[in-house]
Amino acid sequence: MKSPKNIFLTLLISAISLLFLFTNLSSQQTAGELYEKALYLEEAKGDLQKAIELYEKILKLFPENREVAAKAQLHIGLCYEKLGLKEAQKAFQQVIDNYPEQAEAVKVAREKLSVLLKAQAMVKKGDQELRMTKIKTDAEKMAFAFISPDGKKLAYFGTEGDIWVRDIASGEDTRLNQTPMFDYWCFWSSDSESIAYLDVLNGLHLVSVKGGEPKTLIEADSEFRKAGNYAWPTGWTSDLKMIICYIIPLKRISAIPISGGEWKEIFKFSDPKEAEKVSFMSLSPNGKLIAYSSAKSGNEDIYILPVDGGESIQITRHPASDSWPSWSFDSQWLAFETRRSGAREIWVAKIAPDGNLEIEPSRVVQGSTNPSASGTAYNWTKDGKIGICISRSFSNIFVANLKNGKESQLTDMLCMDVIPRWSPDGKKIAFISDRGEKRDIWIVPSTGGEAKLITGNISQGQSYMYISSPSWSPDGKNIAFTIWFGGEERGIWIVPAEGGAVKKIKFDYAGHIRGTDWSPDGKKIAFAYSRIKDEKNPIPDSRIDYEDIYTIPVDGGEPTRITKADKEELDFKIPRWSPDGKKMAFVADDWTKYQEGKEPEGICIIDIQEGGDPQIITKNQKGFMLGLDWSPDGKNIIFPMWKKDKLYLHMVSVEDGEIQDLNIEGHWPDLSPDGKKIAYTRFSGGRTEFWIIENFLPEEKK
């Protein structure tokens, strides 16, 4: 038996230990809170200087919290890199020197430092310093913006799809069109007086910056479009009478007269095999050279080819993907997108008049132009500047108790966390996230906690990969997912739920695959499939440009088409097996209705065993649907629908089509196995930034 003195000493030691533990936990929490605030300033607000101040405060106050301190030091370097300052190199070196045990932070710092040192050895800048100017934008109104060749205006399509022009000096906006059809992507004429744009059905239109009635150059329902083709403008002829377009998927360049009439073919490959792996083409403003990106060498690189014929000249030779070449107005410089530094960036190379490389590629601006972004757009001005638009949205994963309405937030990162899927035992939730600049599958406990990366071993080192559509196997041991884009990696994959080696389902057909769902008996996987015209080796019974639902055995084999549309314009997507495996629900799109300004979507159900036509169970649907799920008893389907400019979850009866509002803001719903809780995605904000970059061109080789 212990003496009173020993008991007292034991209690005292325990109390001191608890005090130290509490103090340590409190400091970690405070360090974490400061880090999140700094991250918010850096990524959401773009206030890099204040973010640096907070990161430095973490280093000063919490040096013992080495994990957070290492991340803070790394982000100091990332902020300096975005600002184009030389301090970035020193900051990255300090991560390596001061935190050698923090492997992840050190790895990123080494990669960043390597790129900086290579860039320094490659070129030197002129007397003027690199300059970045941020243009004020309205994130609630502006989706993507494009600077005019004279550098005085921004053309942009708004969140509702209309085309606008903003005078940069005054900030005054002018709406150029108003249509129920969503319009996107703007292409300036070289005199900054006209804008070409595409509609959601890839019809091509033209409008004056002074306003007036837009002119349609390619009708959305034209024979050209019905054949699966569309035109992507890349420039204008010198007399401004024709728009030069890259014709997809024919892989040729044509000039389309503004006044109407016959198109002029400018370039097509004499050897069809040369064109097979071409992804984009652009004609130089002087009309003499074609720049194109191609994977013919096994990796996507930039090539130059004289319009009059000759051999292609390979401009880039890097393991990362180089794509989307864009000429400067003087035809001397070529900008392109690349991930050679690990982040998506814009680089430039100088091209000699004969098409050869004159100055090696160098970076326009240090730091990603697309930090986990929804998208990026860039274009040149006549005086050699580049305008970069970054549009980014944020969303997180939530769980709500359907009985009492209590809600909890599972993720709180400044990124896109989407498509939650419950594990069969209800203990975990898999989801897609673009944290870290790549879309990967993560798993988080359904009660909250730290998320775990599952697919990092397949996305690591990839220049571009679109991982999506997680779906658990019925035994909870594996997760199926798709890689929508990504060359040979494209297809359906399976990864162990605990992480590890991935396995690709044998699928011998080309095309785009998404929307996977594992059958309740574990034997098949459903998916949505589409392909373009002239796709090499498509599924034999597939339609051009429209999605259909298929199933495939988990062990691989021939796909079976589930949906058969009498109406060609119908798209089918997001398949979900019923709990008993006898039926399948999916979303149907009617693009004809969309073109007429009507609501295009509905939920359909089809009997897998008996076949027959799909049964539409929703009416008067409002807005685009993002996900759906069955109730465990198979009597209802949960889906999102617009209400007061926000998406709310609703429930529709399979039997009578009656719709009930669940009054939960969110989309991509997924019910827990017991049906008592629901996981979903909710938008938490976003931003659109526009930057003008100048003085980035290298002066000479060293």
# chains A, B, ... in the order shown; residues from 1 in each chain; ligands from 1

$ residues_around --residues "His318 in chain A" --least-positions-apart "6" --cutoff "9 Å" --atoms "only C-alpha atoms" --output "ChimeraX atom specification"
/A:299-301,340

$ write_last_selection --atoms "N, CA and C atoms" --output "PDB file, in the first residue's frame"
ATOM      1  N   ASN A 299       4.558  11.185 -75.032  1.00  0.00           N
ATOM      2  CA  ASN A 299       4.288  12.220 -74.042  1.00  0.00           C
ATOM      3  C   ASN A 299       3.849  13.472 -74.791  1.00  0.00           C
ATOM      4  N   GLU A 300       2.937  14.240 -74.231  1.00  0.00           N
ATOM      5  CA  GLU A 300       2.439  15.413 -74.940  1.00  0.00           C
ATOM      6  C   GLU A 300       3.487  16.520 -74.951  1.00  0.00           C
ATOM      7  N   ASP A 301       3.890  16.932 -76.153  1.00  0.00           N
ATOM      8  CA  ASP A 301       4.886  17.987 -76.341  1.00  0.00           C
ATOM      9  C   ASP A 301       4.407  18.959 -77.412  1.00  0.00           C
ATOM     10  N   ARG A 340       5.528  20.992 -65.641  1.00  0.00           N
ATOM     11  CA  ARG A 340       6.899  20.529 -65.453  1.00  0.00           C
ATOM     12  C   ARG A 340       7.465  20.906 -64.085  1.00  0.00           C
TER      13      ARG A 340
END

$ closest_atom_pairs --of "range 242-330 of chain A" --to "range 214-219 of chain A" --cutoff "8 Å" --atoms "only C-alpha atoms" --output "Markdown table"
| residue | atom | partner | partner_atom | distance |
| --- | --- | --- | --- | --- |
| A:Ile256 | CA | A:Leu217 | CA | 7.9 |
| A:Ile258 | CA | A:Leu217 | CA | 7.0 |
| A:Gly260 | CA | A:Leu217 | CA | 7.1 |

$ residues_around --residues "Lys677 in chain A" --least-positions-apart "6" --cutoff "7 Å" --atoms "only C-alpha atoms" --output "PDB file with N, CA and C atoms, in the first residue's frame"
ATOM      1  N   VAL A 399     -22.493  16.104 -43.244  1.00  0.00           N
ATOM      2  CA  VAL A 399     -23.385  14.991 -42.906  1.00  0.00           C
ATOM      3  C   VAL A 399     -24.523  15.544 -42.068  1.00  0.00           C
ATOM      4  N   ALA A 400     -25.752  15.143 -42.384  1.00  0.00           N
ATOM      5  CA  ALA A 400     -26.929  15.588 -41.636  1.00  0.00           C
ATOM      6  C   ALA A 400     -27.704  14.380 -41.133  1.00  0.00           C
ATOM      7  N   ASN A 401     -28.214  14.493 -39.905  1.00  0.00           N
ATOM      8  CA  ASN A 401     -29.109  13.492 -39.332  1.00  0.00           C
ATOM      9  C   ASN A 401     -30.514  13.781 -39.837  1.00  0.00           C
ATOM     10  N   LEU A 402     -31.109  12.833 -40.556  1.00  0.00           N
ATOM     11  CA  LEU A 402     -32.411  13.085 -41.173  1.00  0.00           C
ATOM     12  C   LEU A 402     -33.541  13.166 -40.153  1.00  0.00           C
ATOM     13  N   LEU A 671     -26.859   8.509 -49.044  1.00  0.00           N
ATOM     14  CA  LEU A 671     -27.465   8.078 -47.783  1.00  0.00           C
ATOM     15  C   LEU A 671     -26.600   7.031 -47.096  1.00  0.00           C
TER      16      LEU A 671
END

$ closest_residue --among "A:Lys210, A:Arg687, A:His512, A:Lys251" --to "Arg392 in chain A" --atoms "only C-alpha atoms"
A:Arg687

$ atom_distance --atom1 "CA of Val652 in chain A" --atom2 "CA of Ile637 in chain A"
5.4 Å

$ residues_around --residues "Phe586 in chain A" --least-positions-apart "5" --cutoff "6 Å" --atoms "only C-alpha atoms" --output "PyMOL selection string"
chain A and resi 573-575+603-604

$ write_last_selection --atoms "N, CA and C atoms" --output "mmCIF file, in the first residue's frame"
data_model
loop_
_atom_site.group_PDB
_atom_site.id
_atom_site.type_symbol
_atom_site.label_atom_id
_atom_site.label_comp_id
_atom_site.auth_asym_id
_atom_site.auth_seq_id
_atom_site.Cartn_x
_atom_site.Cartn_y
_atom_site.Cartn_z
ATOM 1 N N LYS A 573 -26.557 9.802 -67.681
ATOM 2 C CA LYS A 573 -25.359 9.879 -66.845
ATOM 3 C C LYS A 573 -25.718 9.571 -65.392
ATOM 4 N N ILE A 574 -24.697 9.466 -64.540
ATOM 5 C CA ILE A 574 -24.794 9.233 -63.092
ATOM 6 C C ILE A 574 -25.647 7.999 -62.784
ATOM 7 N N PRO A 575 -25.208 6.796 -63.178
ATOM 8 C CA PRO A 575 -25.983 5.589 -62.869
ATOM 9 C C PRO A 575 -25.899 5.219 -61.395
ATOM 10 N N ILE A 603 -34.953 12.514 -63.729
ATOM 11 C CA ILE A 603 -34.455 11.249 -63.215
ATOM 12 C C ILE A 603 -35.238 10.120 -63.862
ATOM 13 N N CYS A 604 -34.522 9.125 -64.354
ATOM 14 C CA CYS A 604 -35.152 7.968 -64.991
ATOM 15 C C CYS A 604 -34.809 6.699 -64.222
#

$ residues_around --residues "Leu410 in chain A" --least-positions-apart "5" --cutoff "9 Å" --atoms "only C-alpha atoms" --output "VMD selection string"
chain A and resid 396 to 399 444 to 450

$ residues_around --residues "range 376-381 of chain A" --least-positions-apart "6" --cutoff "9 Å" --atoms "only C-alpha atoms" --output "JSON list (two decimals) with C-alpha atoms, in the first residue's frame"
[["chain", "number", "residue", "atom", "x", "y", "z"],
["A", 144, "PHE", "CA", -13.81, 33.71, -67.03],
["A", 145, "ALA", "CA", -12.22, 36.87, -68.46],
["A", 146, "PHE", "CA", -9.96, 37.56, -71.46],
["A", 147, "ILE", "CA", -7.88, 40.71, -71.98],
["A", 148, "SER", "CA", -8.23, 42.63, -75.25],
["A", 149, "PRO", "CA", -5.19, 42.89, -77.59],
["A", 150, "ASP", "CA", -4.86, 46.62, -76.76],
["A", 151, "GLY", "CA", -4.84, 45.77, -73.03],
["A", 185, "TRP", "CA", -15.11, 31.43, -73.93],
["A", 326, "SER", "CA", -0.64, 30.21, -78.09],
["A", 327, "TRP", "CA", 1.27, 32.67, -80.34],
["A", 328, "SER", "CA", 2.25, 36.21, -79.49],
["A", 329, "PHE", "CA", 1.02, 38.81, -81.99],
["A", 335, "ALA", "CA", 3.19, 30.35, -74.77],
["A", 346, "ILE", "CA", 2.39, 29.05, -68.38],
["A", 369, "THR", "CA", -1.65, 29.74, -62.41],
["A", 370, "ASN", "CA", -4.20, 27.15, -61.36],
["A", 387, "GLY", "CA", -3.47, 38.17, -69.07],
["A", 388, "ILE", "CA", -4.29, 35.21, -66.82],
["A", 389, "CYS", "CA", -7.75, 34.50, -65.42],
["A", 390, "ILE", "CA", -8.16, 31.99, -62.58],
["A", 391, "SER", "CA", -11.64, 30.90, -61.60],
["A", 392, "ARG", "CA", -11.91, 28.80, -58.47]]

$ select_by_dssp --residues "range 238-461 of chain A" --states "alpha helix (DSSP H)" --output "PyMOL selection string"
chain A and resi 272-275+456-459

$ residues_around --residues "range 171-177 of chain A" --least-positions-apart "3" --cutoff "9 Å" --atoms "only C-alpha atoms" --output "count of residues only"
17

$ closest_residue --among "A:Leu305, A:Ala105, A:Ala88, A:Leu48" --to "Ala69 in chain A" --atoms "only C-alpha atoms"
A:Ala105

$ select_by_dssp --residues "range 345-531 of chain A" --states "strand (DSSP E)" --output "VMD selection string"
chain A and resid 345 to 351 357 to 363 375 to 380 386 to 401 407 to 409 417 to 422 428 to 433 440 to 445 452 to 453 467 to 472 478 to 483 491 to 496 503 to 504 512 to 518 524 to 530

$ atom_distance --atom1 "CA of Arg435 in chain A" --atom2 "CA of Ile693 in chain A"
25.9 Å

$ atom_distance --atom1 "CA of Glu360 in chain A" --atom2 "CA of Phe280 in chain A"
21.1 Å

$ closest_residue --among "A:Trp263, A:Tyr184, A:Trp324, A:Phe157" --to "Thr234 in chain A" --atoms "only C-alpha atoms"
A:Trp324
